[in-house]
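Participant: What follows is the file query03.txt, containing compact mmCIF, C-alpha atoms:
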```txt
# COMPACT_ATOMS: atom_id res chain seq x y z
CA MET Q 1500 148.29 74.21 148.00
CA THR Q 1501 145.15 75.68 149.54
CA LEU Q 1502 145.05 78.53 147.06
CA TRP Q 1503 145.03 76.19 144.15
CA VAL Q 1504 142.48 73.89 145.73
CA ALA Q 1505 140.17 76.83 146.30
CA ILE Q 1506 140.53 77.93 142.73
CA LEU Q 1507 139.80 74.45 141.49
CA ALA Q 1508 136.72 74.20 143.65
CA ALA Q 1509 135.29 77.23 141.90
CA ALA Q 1510 135.94 75.79 138.49
CA HIS Q 1511 133.36 75.47 135.80
CA ALA Q 1512 132.88 71.85 134.84
CA GLY Q 1513 134.62 72.13 131.47
CA LEU Q 1514 137.54 74.20 132.57
CA PRO Q 1515 139.54 71.43 134.26
CA GLU Q 1516 139.60 69.47 131.02
CA ALA Q 1517 140.95 72.42 129.06
CA GLU Q 1518 143.38 73.30 131.83
CA ASP Q 1519 144.63 69.73 132.26
CA CYS Q 1520 145.33 69.60 128.56
CA LEU Q 1521 147.17 72.90 128.66
CA GLN Q 1522 149.05 71.82 131.78
CA VAL Q 1523 150.64 68.96 129.88
CA LYS Q 1524 151.55 71.15 126.94
CA VAL Q 1525 153.04 73.87 129.11
CA ARG Q 1526 155.13 71.38 131.06
CA GLU Q 1527 156.48 69.85 127.88
CA ALA Q 1528 157.22 73.26 126.41
CA TYR Q 1529 158.87 74.43 129.61
CA ASP Q 1530 161.17 71.43 129.51
CA ALA Q 1531 162.01 72.38 125.92
CA GLY Q 1532 163.20 75.81 127.01
CA TRP Q 1533 160.10 77.96 126.63
CA ARG Q 1534 159.37 80.53 129.34
CA PHE Q 1535 155.74 81.32 130.08
CA ARG Q 1536 154.51 84.81 130.77
CA MET Q 1537 150.83 84.25 131.37
CA SER Q 1538 147.95 81.82 131.25
CA HIS Q 1539 144.23 82.27 131.19
CA SER Q 1540 141.12 80.17 130.93
CA ASP Q 1541 137.63 81.14 129.93
CA THR Q 1542 134.25 79.73 129.11
CA LEU Q 1543 133.37 81.14 125.73
CA ARG Q 1544 130.17 81.10 123.78
CA SER Q 1545 130.25 79.90 120.20
CA GLY Q 1546 132.09 82.52 118.21
CA GLY Q 1547 133.26 84.16 121.40
CA VAL Q 1548 136.82 85.36 121.77
CA TYR Q 1549 139.37 86.05 124.45
CA ALA Q 1550 142.05 88.60 123.60
CA THR Q 1551 145.06 90.02 125.39
CA ARG Q 1552 147.81 92.38 124.35
CA ALA Q 1553 151.37 91.10 124.54
CA LEU Q 1554 154.60 92.98 124.10
CA MET Q 1555 156.67 90.89 121.73
CA LEU Q 1556 160.32 91.48 120.99
CA ALA Q 1557 161.72 91.23 117.48
CA GLY Q 1558 163.92 88.19 117.12
CA ARG Q 1559 162.31 86.16 119.87
CA THR Q 1560 159.85 83.42 119.06
CA TYR Q 1561 156.54 83.33 120.87
CA ARG Q 1562 154.46 80.23 121.37
CA VAL Q 1563 150.73 80.30 121.96
CA LEU Q 1564 149.37 77.08 123.42
CA ALA Q 1565 145.65 76.51 123.79
CA CYS Q 1566 143.22 73.75 124.63
CA ALA Q 1567 139.43 73.55 124.61
CA ASP Q 1568 137.21 70.99 126.28
CA ALA Q 1569 135.26 68.34 124.43
CA ALA Q 1570 132.33 70.67 123.82
CA ALA Q 1571 134.36 72.64 121.30
CA ALA Q 1572 134.72 71.64 117.69
CA ASP Q 1573 137.54 73.91 116.62
CA LEU Q 1574 139.70 76.23 118.67
CA ASP Q 1575 141.79 78.78 116.82
CA VAL Q 1576 144.51 81.12 117.98
CA LEU Q 1577 145.53 84.23 116.07
CA VAL Q 1578 148.04 87.03 116.50
CA TYR Q 1579 147.27 90.57 115.30
CA ASP Q 1580 149.57 93.51 114.94
CA SER Q 1581 148.78 96.95 116.30
CA GLN Q 1582 146.78 97.77 113.17
CA GLY Q 1583 144.46 94.82 113.71
CA THR Q 1584 145.96 92.80 110.87
CA VAL Q 1585 146.38 89.07 111.36
CA VAL Q 1586 150.09 88.28 111.33
CA ALA Q 1587 149.93 84.65 112.42
CA ARG Q 1588 147.24 82.06 112.86
CA ASP Q 1589 146.81 78.36 113.24
CA ARG Q 1590 145.00 76.70 110.39
CA THR Q 1591 144.04 73.50 112.09
CA THR Q 1592 140.54 72.35 112.85
CA ASP Q 1593 141.24 70.69 116.16
CA ARG Q 1594 140.82 72.00 119.68
CA GLU Q 1595 144.48 71.95 120.75
CA PRO Q 1596 146.24 74.50 118.58
CA THR Q 1597 149.86 75.54 118.92
CA LEU Q 1598 151.08 78.66 117.17
CA ASP Q 1599 154.63 79.95 116.92
CA PHE Q 1600 155.27 83.51 115.88
CA THR Q 1601 158.50 85.46 115.48
CA PRO Q 1602 157.61 89.14 115.32
CA PRO Q 1603 159.45 91.15 112.68
CA VAL Q 1604 159.32 94.26 114.85
CA THR Q 1605 159.05 94.84 118.57
CA GLY Q 1606 155.64 96.00 119.66
CA ALA Q 1607 152.34 95.26 121.31
CA TYR Q 1608 150.50 92.48 119.52
CA VAL Q 1609 147.11 90.98 120.30
CA VAL Q 1610 146.81 87.27 121.00
CA LEU Q 1611 143.30 86.00 120.49
CA MET Q 1612 141.60 82.65 120.92
CA TYR Q 1613 138.35 81.89 119.23
CA HIS Q 1614 136.22 78.84 118.86
CA ARG Q 1615 133.25 77.62 116.99
CA LEU Q 1616 130.97 75.06 118.55
CA PRO Q 1617 128.88 72.29 117.10
CA ALA Q 1618 125.20 73.12 116.63
CA GLY Q 1619 123.29 72.90 119.88
CA THR Q 1620 126.26 73.67 122.08
CA GLU Q 1621 126.15 77.01 123.85
CA SER Q 1622 129.60 77.30 125.32
CA ALA Q 1623 132.88 75.54 125.86
CA ALA Q 1624 135.90 76.02 128.05
CA ALA Q 1625 139.27 77.03 126.68
CA ALA Q 1626 142.67 77.76 128.17
CA LEU Q 1627 145.58 79.65 126.68
CA ALA Q 1628 149.21 80.25 127.62
CA LEU Q 1629 151.83 82.50 126.06
CA GLY Q 1630 155.49 81.65 126.17
CA SER Q 1631 158.67 82.70 124.44
CA ARG Q 1632 162.23 81.66 123.85
CA MET B 889 130.92 84.72 129.31
CA LEU B 890 132.05 82.97 132.44
CA ARG B 891 135.61 83.79 133.22
CA ARG B 892 137.86 82.41 135.89
CA THR B 893 141.42 82.52 136.86
CA PHE B 894 143.66 79.73 135.79
CA THR B 895 146.51 79.05 138.07
CA LEU B 896 146.19 75.54 139.36
CA ALA B 897 147.01 73.63 136.25
CA LEU B 898 149.91 75.77 135.21
CA ALA B 899 151.22 75.97 138.73
CA LEU B 900 151.26 72.25 139.07
CA ALA B 901 152.68 71.82 135.62
CA LEU B 902 155.61 74.08 136.28
CA ALA B 903 156.17 72.69 139.75
CA GLY B 904 156.59 69.27 138.20
CA CYS B 905 153.78 67.63 140.14
CA ASN B 906 151.74 64.78 138.78
CA ALA B 907 149.94 65.73 135.64
CA PRO B 908 147.81 63.86 133.17
CA GLU B 909 149.70 62.07 130.46
CA ALA B 910 149.53 63.67 127.06
CA GLU B 911 147.38 61.85 124.59
CA VAL B 912 148.67 61.38 121.09
CA ALA B 913 146.20 63.22 118.93
CA PRO B 914 145.88 62.67 115.19
CA GLU B 915 147.32 65.41 113.01
CA PRO B 916 144.47 67.90 112.52
CA ALA B 917 143.35 68.82 109.06
CA PRO B 918 144.03 72.34 107.86
CA ALA B 919 141.03 74.63 107.62
CA GLU B 920 140.43 75.83 104.10
CA ASN B 921 138.58 78.99 105.03
CA PRO B 922 139.21 79.69 108.67
CA ALA B 923 137.20 82.48 110.25
CA THR B 924 138.95 85.69 111.14
CA PRO B 925 137.29 87.44 114.05
CA GLU B 926 137.79 91.13 114.63
CA VAL B 927 139.89 92.20 117.58
CA PRO B 928 137.30 93.09 120.22
CA ASP B 929 137.11 96.55 121.72
CA GLU B 930 137.89 95.10 125.11
CA VAL B 931 141.34 93.56 125.14
CA GLU B 932 143.10 92.57 128.33
CA ASP B 933 146.70 93.43 129.12
CA LYS B 934 147.48 90.22 130.93
CA ALA B 935 150.39 89.34 128.69
CA LEU B 936 151.66 92.82 128.03
CA VAL B 937 154.58 93.10 130.43
CA PRO B 938 157.67 90.94 129.87
CA SER B 939 159.14 89.28 132.95
CA PRO B 940 162.69 89.96 134.13
CA LEU B 941 163.61 86.47 132.97
CA GLU B 942 162.40 87.29 129.47
CA MET B 943 164.46 90.44 129.57
CA GLN B 944 167.50 88.38 130.52
CA ALA B 945 166.79 85.93 127.72
CA ALA B 946 166.32 88.73 125.19
CA LEU B 947 169.64 90.23 126.20
CA GLU B 948 171.40 86.93 125.71
CA ALA B 949 169.69 86.38 122.37
CA SER B 950 171.07 89.71 121.20
CA GLY B 951 174.59 88.65 122.08
CA ILE B 952 174.91 90.39 125.44
CA GLU B 953 176.07 87.86 127.98
CA THR B 954 175.83 90.09 131.04
CA LYS B 955 173.80 88.48 133.79
CA LEU B 956 171.28 90.96 135.14
CA ALA B 957 171.60 89.34 138.55
CA THR B 958 175.18 90.59 138.78
CA LEU B 959 174.03 94.19 138.27
CA ILE B 960 171.48 94.35 141.06
CA PRO B 961 172.50 97.24 143.30
CA GLU B 962 172.56 97.03 147.06
CA ARG B 963 169.07 98.10 147.90
CA THR B 964 166.73 97.02 150.66
CA PHE B 965 163.04 97.12 149.96
CA ASP B 966 160.89 97.36 153.06
CA THR B 967 157.69 95.66 152.02
CA SER B 968 156.11 96.13 155.43
CA VAL B 969 155.33 99.77 154.64
CA ALA B 970 151.68 100.58 155.26
CA ASP B 971 151.06 102.48 152.05
CA PRO B 972 149.82 99.90 149.53
CA ASP B 973 151.31 101.63 146.49
CA ARG B 974 154.76 101.55 147.96
CA ALA B 975 154.32 98.03 149.24
CA ALA B 976 153.18 96.85 145.82
CA VAL B 977 156.04 98.39 143.85
CA ARG B 978 158.60 97.21 146.38
CA THR B 979 157.18 93.69 146.39
CA GLY B 980 157.40 93.64 142.61
CA ALA B 981 161.01 94.75 142.71
CA VAL B 982 161.90 92.02 145.19
CA LEU B 983 160.07 89.52 143.02
CA ALA B 984 162.22 90.56 140.07
CA ASP B 985 165.39 90.20 142.10
CA MET B 986 164.32 86.79 143.32
CA LEU B 987 163.55 85.55 139.82
CA LEU B 988 166.92 86.72 138.57
CA THR B 989 168.97 85.37 141.47
CA VAL B 990 167.16 82.22 142.56
CA LYS B 991 169.59 79.91 140.81
CA THR B 992 172.68 81.50 142.31
CA SER B 993 171.76 83.18 145.60
CA ASP B 994 172.71 81.77 148.98
CA LYS B 995 170.01 80.32 151.14
CA ALA B 996 169.88 83.23 153.57
CA ALA B 997 169.40 85.76 150.80
CA LEU B 998 166.72 83.66 149.16
CA LEU B 999 164.86 83.19 152.43
CA ALA B 1000 165.00 86.94 153.03
CA GLN B 1001 163.46 87.55 149.61
CA ILE B 1002 160.68 85.06 150.28
CA ASP B 1003 160.04 86.74 153.62
CA ALA B 1004 159.91 90.16 151.99
CA ILE B 1005 157.43 89.01 149.39
CA SER B 1006 155.32 87.28 152.01
CA THR B 1007 155.31 90.45 154.09
CA GLY B 1008 154.31 92.47 151.04
CA MET B 1009 151.50 90.08 150.22
CA GLY B 1010 150.27 90.47 153.79
CA GLN B 1011 150.34 94.25 153.60
CA LEU B 1012 148.44 94.13 150.33
CA ASP B 1013 145.73 91.78 151.55
CA GLY B 1014 146.83 89.11 149.13
CA GLY B 1015 145.04 86.53 151.23
CA THR B 1016 146.02 83.67 153.47
CA ASP B 1017 146.42 81.23 150.60
CA ILE B 1018 149.32 83.03 148.98
CA THR B 1019 150.91 83.46 152.40
CA ALA B 1020 150.55 79.72 153.00
CA THR B 1021 152.01 78.95 149.59
CA LEU B 1022 155.05 81.13 150.30
CA ALA B 1023 155.42 79.56 153.75
CA ASP B 1024 155.40 76.14 152.12
CA ILE B 1025 158.11 77.20 149.69
CA LYS B 1026 160.15 78.66 152.53
CA THR B 1027 159.92 75.43 154.50
CA ARG B 1028 161.18 73.44 151.54
CA VAL B 1029 164.04 75.86 150.97
CA GLU B 1030 165.04 75.68 154.61
CA ALA B 1031 165.02 71.89 154.43
CA ASP B 1032 166.88 71.81 151.11
CA ALA B 1033 163.91 69.87 149.81
CA VAL B 1034 163.60 71.67 146.51
CA THR B 1035 166.08 72.31 143.72
CA ARG B 1036 166.79 75.79 142.44
CA ASP B 1037 165.51 74.78 139.01
CA GLU B 1038 162.21 73.73 140.55
CA LEU B 1039 162.09 76.94 142.55
CA LEU B 1040 162.64 78.99 139.44
CA LYS B 1041 159.61 77.37 137.85
CA GLU B 1042 157.53 77.94 140.96
CA PHE B 1043 158.54 81.57 141.27
CA GLU B 1044 157.90 82.17 137.59
CA THR B 1045 154.44 80.72 138.08
CA LEU B 1046 153.84 82.84 141.15
CA SER B 1047 154.92 85.94 139.30
CA GLY B 1048 153.20 85.29 135.99
CA ALA B 1049 150.11 83.32 136.88
CA VAL B 1050 149.27 83.29 140.58
CA ILE B 1051 149.88 86.80 141.90
CA PRO B 1052 148.24 88.54 138.89
CA GLU B 1053 145.04 86.65 139.68
CA LEU B 1054 144.83 87.62 143.36
CA GLU B 1055 142.12 90.10 144.24
CA PHE B 1056 143.98 92.19 146.83
CA ASN B 1057 140.77 93.11 148.56
CA GLY B 1058 139.33 94.55 145.37
CA VAL B 1059 142.06 97.15 144.82
CA SER B 1060 142.61 96.80 141.10
CA ARG B 1061 145.79 98.88 140.94
CA ILE B 1062 147.79 96.51 143.14
CA VAL B 1063 148.63 93.94 140.46
CA PRO B 1064 149.80 96.58 137.93
CA LEU B 1065 151.89 98.25 140.62
CA ILE B 1066 153.53 94.93 141.52
CA GLN B 1067 154.21 94.42 137.82
CA ALA B 1068 155.54 97.96 137.65
CA GLY B 1069 158.01 97.22 140.43
CA SER B 1070 159.31 94.15 138.61
CA TRP B 1071 159.44 95.95 135.29
CA LEU B 1072 161.18 99.03 136.72
CA GLN B 1073 163.80 96.83 138.33
CA GLY B 1074 164.26 94.82 135.13
CA THR B 1075 164.44 97.96 133.04
CA ASN B 1076 167.02 99.46 135.37
CA LEU B 1077 169.21 96.39 135.05
CA VAL B 1078 168.83 96.17 131.29
CA ALA B 1079 169.92 99.79 130.92
CA ARG B 1080 172.95 99.08 133.10
CA ALA B 1081 173.81 96.04 130.97
CA LEU B 1082 173.48 97.99 127.74
CA LYS B 1083 175.78 100.71 128.98
CA GLY B 1084 178.75 98.42 128.68
CA ALA B 1085 177.72 96.70 125.47
CA THR B 1086 178.98 97.49 122.00
CA GLU B 1087 176.20 95.89 119.94
CA ARG B 1088 173.15 97.03 121.82
CA GLU B 1089 170.60 98.07 119.22
CA ALA B 1090 168.67 94.78 119.28
CA ALA B 1091 168.49 94.59 123.05
CA SER B 1092 167.60 98.26 123.37
CA GLN B 1093 164.17 97.28 122.06
CA LEU B 1094 163.53 96.20 125.63
CA LEU B 1095 163.54 99.87 126.58
CA LYS B 1096 161.43 100.94 123.62
CA ALA B 1097 158.06 99.75 124.80
CA PRO B 1098 155.72 102.73 125.00
CA SER B 1099 152.69 100.47 125.33
CA VAL B 1100 154.06 99.09 128.59
CA VAL B 1101 154.82 102.58 129.89
CA ASP B 1102 151.29 103.69 128.97
CA TYR B 1103 149.83 100.66 130.70
CA PHE B 1104 151.50 101.59 133.97
CA THR B 1105 150.85 105.30 133.57
CA GLN B 1106 147.10 104.80 133.51
CA TYR B 1107 147.30 103.39 137.04
CA THR B 1108 149.06 106.47 138.33
CA LYS B 1109 146.03 108.44 137.23
CA THR B 1110 143.60 106.46 139.30
CA GLU B 1111 143.23 107.54 142.87
CA GLY B 1112 144.54 105.22 145.52
CA GLU B 1113 142.52 105.30 148.70
CA ASN B 1114 145.52 105.71 150.95
CA ALA B 1115 148.22 106.44 148.43
CA PRO B 1116 150.24 109.56 149.24
CA GLU B 1117 150.27 111.86 146.27
CA VAL B 1118 154.06 111.88 146.28
CA VAL B 1119 154.12 108.21 145.35
CA THR B 1120 151.90 108.37 142.32
CA LYS B 1121 153.33 111.74 141.31
CA LYS B 1122 156.88 110.40 141.41
CA LEU B 1123 155.88 107.28 139.53
CA ALA B 1124 154.05 109.31 136.89
CA GLU B 1125 157.04 111.62 136.41
CA SER B 1126 159.37 108.66 136.07
CA LEU B 1127 157.14 106.95 133.56
CA ALA B 1128 156.92 110.17 131.55
CA SER B 1129 160.72 110.25 131.34
CA LEU B 1130 160.86 106.60 130.35
CA LYS B 1131 158.23 107.22 127.69
CA LYS B 1132 160.47 109.80 126.03
CA VAL B 1133 163.15 107.13 125.68
CA ALA B 1134 160.66 104.44 124.72
CA VAL B 1135 159.32 106.30 121.70
CA LYS B 1136 162.73 107.02 120.20
CA THR B 1137 163.20 105.56 116.76
CA GLU B 1138 166.93 106.21 116.60
CA PRO B 1139 169.52 104.12 118.49
CA LEU B 1140 169.68 104.84 122.18
CA THR B 1141 172.65 106.86 123.34
CA ASP B 1142 174.62 106.57 126.55
CA GLU B 1143 172.70 109.59 127.73
CA ASP B 1144 169.41 107.80 127.14
CA LEU B 1145 170.63 104.80 129.11
CA ASP B 1146 171.84 107.06 131.90
CA THR B 1147 168.39 108.59 131.97
CA VAL B 1148 166.74 105.21 132.29
CA VAL B 1149 169.11 104.13 135.05
CA SER B 1150 168.76 107.35 137.03
CA VAL B 1151 164.99 107.58 136.63
CA THR B 1152 164.38 103.99 137.66
CA ASP B 1153 166.95 104.25 140.46
CA SER B 1154 165.22 107.33 141.69
CA VAL B 1155 161.73 105.92 141.71
CA LEU B 1156 162.80 102.61 143.24
CA SER B 1157 164.73 104.42 145.96
CA LEU B 1158 161.91 106.80 146.79
CA LEU B 1159 159.32 104.10 146.84
```
With the file now loaded, output its structure as structure tokens.

Facilitator:
Amino acid sequence: MTLWVAILAAAHAGLPEAEDCLQVKVREAYDAGWRFRMSHSDTLRSGGVYATRALMLAGRTYRVLACADAAAADLDVLVYDSQGTVVARDRTTDREPTLDFTPPVTGAYVVLMYHRLPAGTESAAAALALGSR
Amino acid sequence: MLRRTFTLALALALAGCNAPEAEVAPEPAPAENPATPEVPDEVEDKALVPSPLEMQAALEASGIETKLATLIPERTFDTSVADPDRAAVRTGAVLADMLLTVKTSDKAALLAQIDAISTGMGQLDGGTDITATLADIKTRVEADAVTRDELLKEFETLSGAVIPELEFNGVSRIVPLIQAGSWLQGTNLVARALKGATEREAASQLLKAPSVVDYFTQYTKTEGENAPEVVTKKLAESLASLKKVAVKTEPLTDEDLDTVVSVTDSVLSLL
């Protein structure tokens, strides 16, 4: 457990909140049969984004789970195709979005998380995981 | 932007340790005009490569019941080799085997795989923490103190979340080469499975992933400090052959599958 303790010790104050939230969601999803390929957490400025490419296979369903800490007003997750066109997005205004996407064709998509902060807030922590089943 | 690795929470979540209880949140209101940010120029590839378990699941979803674990050839990967490129690819291949067999392998075989990965992590300067984590897992396996289902979750976390975040003494190519080892092994097994299948078009998409091939190829073009040229040259040649198959738009033939099997066999054997 030393590795994990060391990582936690280096954590930004808001990150544990976002990660704890995501931890619960991932565990529940895992128990429901989802397999998780990656996870990532970031501290993002207002309007800032985190993006990663993901190979997605036609016919499988992909689940993007994300959580932001209390400093965030609205966390969004979006999926883009290789042309940069949005092919899936969550339309909620909360900070714990879940997005399912079944790609029509196999290929490299971009998964992006983005959040807007209340006025006067410079940054907030957010965590994201990508799973499939 | 402050960025950090995120392994603790997910690791604990998958390992089934204590975690905060989920709060019941009110149903969020839909946004009428949600913002649509542009995809930034800088996009990571953290989620690009599918794991061997995903490959297995995709096969099954396409109607192919073959278990990849049953197709793993007799092959011993010496992860104690000094050359980091070889050690990384071999460690990745063992990791793939372990993920695919953890639920069915006997204890001795599983312990040998854990040892091989631990040795590889040592050769790659993965750090004492990952070594300690693997030693802890080994102790629990030896004592029959962990179920195979729990182990599967822990190994999946190690593979997908913990190892990719290790620094390996600043050598950036190590993580992609570990991933390459896992992917090459998974690809080899998928091609073997497809050879005997009648309806294989859907699952053959697993072999049509030029973006993944390109991702690995870029790391064969960066100079490794101690990497013998033969290693990167062989890997680059193999990836070039796989790319020719990956970009095909027509159904894959037996010849294509033979190519994938022989190319991946060849590179895994050499490395």

Participant: Select residues of chain Q: the criterion is any atom within 6 Å of an atom of chain B, counting all atoms listed in the file; output as a PyMOL selection string.

Facilitator: chain Q and resi 1501-1503+1518+1522+1526+1536-1537+1539-1543+1550-1554+1590-1593

Participant: Can you list, as a PyMOL selection string, every protein, DNA or RNA residue that comes within 10 Å of Ala1625 in chain Q when you count only C-alpha atoms, leaving out same-chain residues fewer than 4 positions away?

Facilitator: chain Q and resi 1513-1518+1520-1521+1539-1543+1548-1549+1565-1571+1574+1594-1595+1612-1614

Participant: I need the residue nearest Val977 in chain B from this list: B:Pro1064, B:Gly1008, B:Gly1069, B:Pro940. Use only C-alpha atoms for the distance.

Facilitator: B:Gly1069

Participant: Which distance in Å separates CA of Pro1603 in chain Q and CA of Thr1147 in chain B, to one decimal?

Facilitator: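 These atoms are spaced 27.5 Å apart.
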
Participant: Got a sec: who's within 9 Å of Phe1056 in chain B, counting all atoms listed in the file, leaving out chain neighbours fewer than 6 positions off, as JSON, numbers by chain?

Facilitator: {"B": [1009, 1012, 1013, 1014, 1015, 1062, 1063]}

Participant: Please report the interatomic distance between CA of Ala1023 in chain B and CA of Ala996 in chain B in Å with one decimal.

Facilitator: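 Atom-to-atom, CA of Ala1023 in chain B and CA of Ala996 in chain B are spaced 14.9 Å apart.
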
Participant: To one decimal place, how far is CA of Leu1039 in chain B from CA of Tyr1561 in chain Q in Å?

Facilitator: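 Atom-to-atom, CA of Leu1039 in chain B to CA of Tyr1561 in chain Q, that is 23.3 Å.
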
Participant: Fewer than 6 positions away in the same chain doesn't count, so skip those; otherwise give me all residues within 9 Å of Lys955 in chain B, counting all atoms listed in the file, as a ChimeraX atom specification.

Facilitator: /B:944,947-948,988,1081

Participant: Hey, can I get the axis-aligned box for range 982-990 of chain B? All listed atoms, 3 Å padding on each side, centre and edge lengths in Å to one decimal, as JSON.

Facilitator:
```
{"center_x": 164.5, "center_y": 87.1, "center_z": 141.9, "size_x": 14.9, "size_y": 15.8, "size_z": 12.6}
```

Participant: Env of Leu1577 in chain Q: 9 Å cut, atoms = all atoms listed in the file, seq-sep filter 2 positions within chain, self excluded. Answer as a count of residues only.

Facilitator: 15
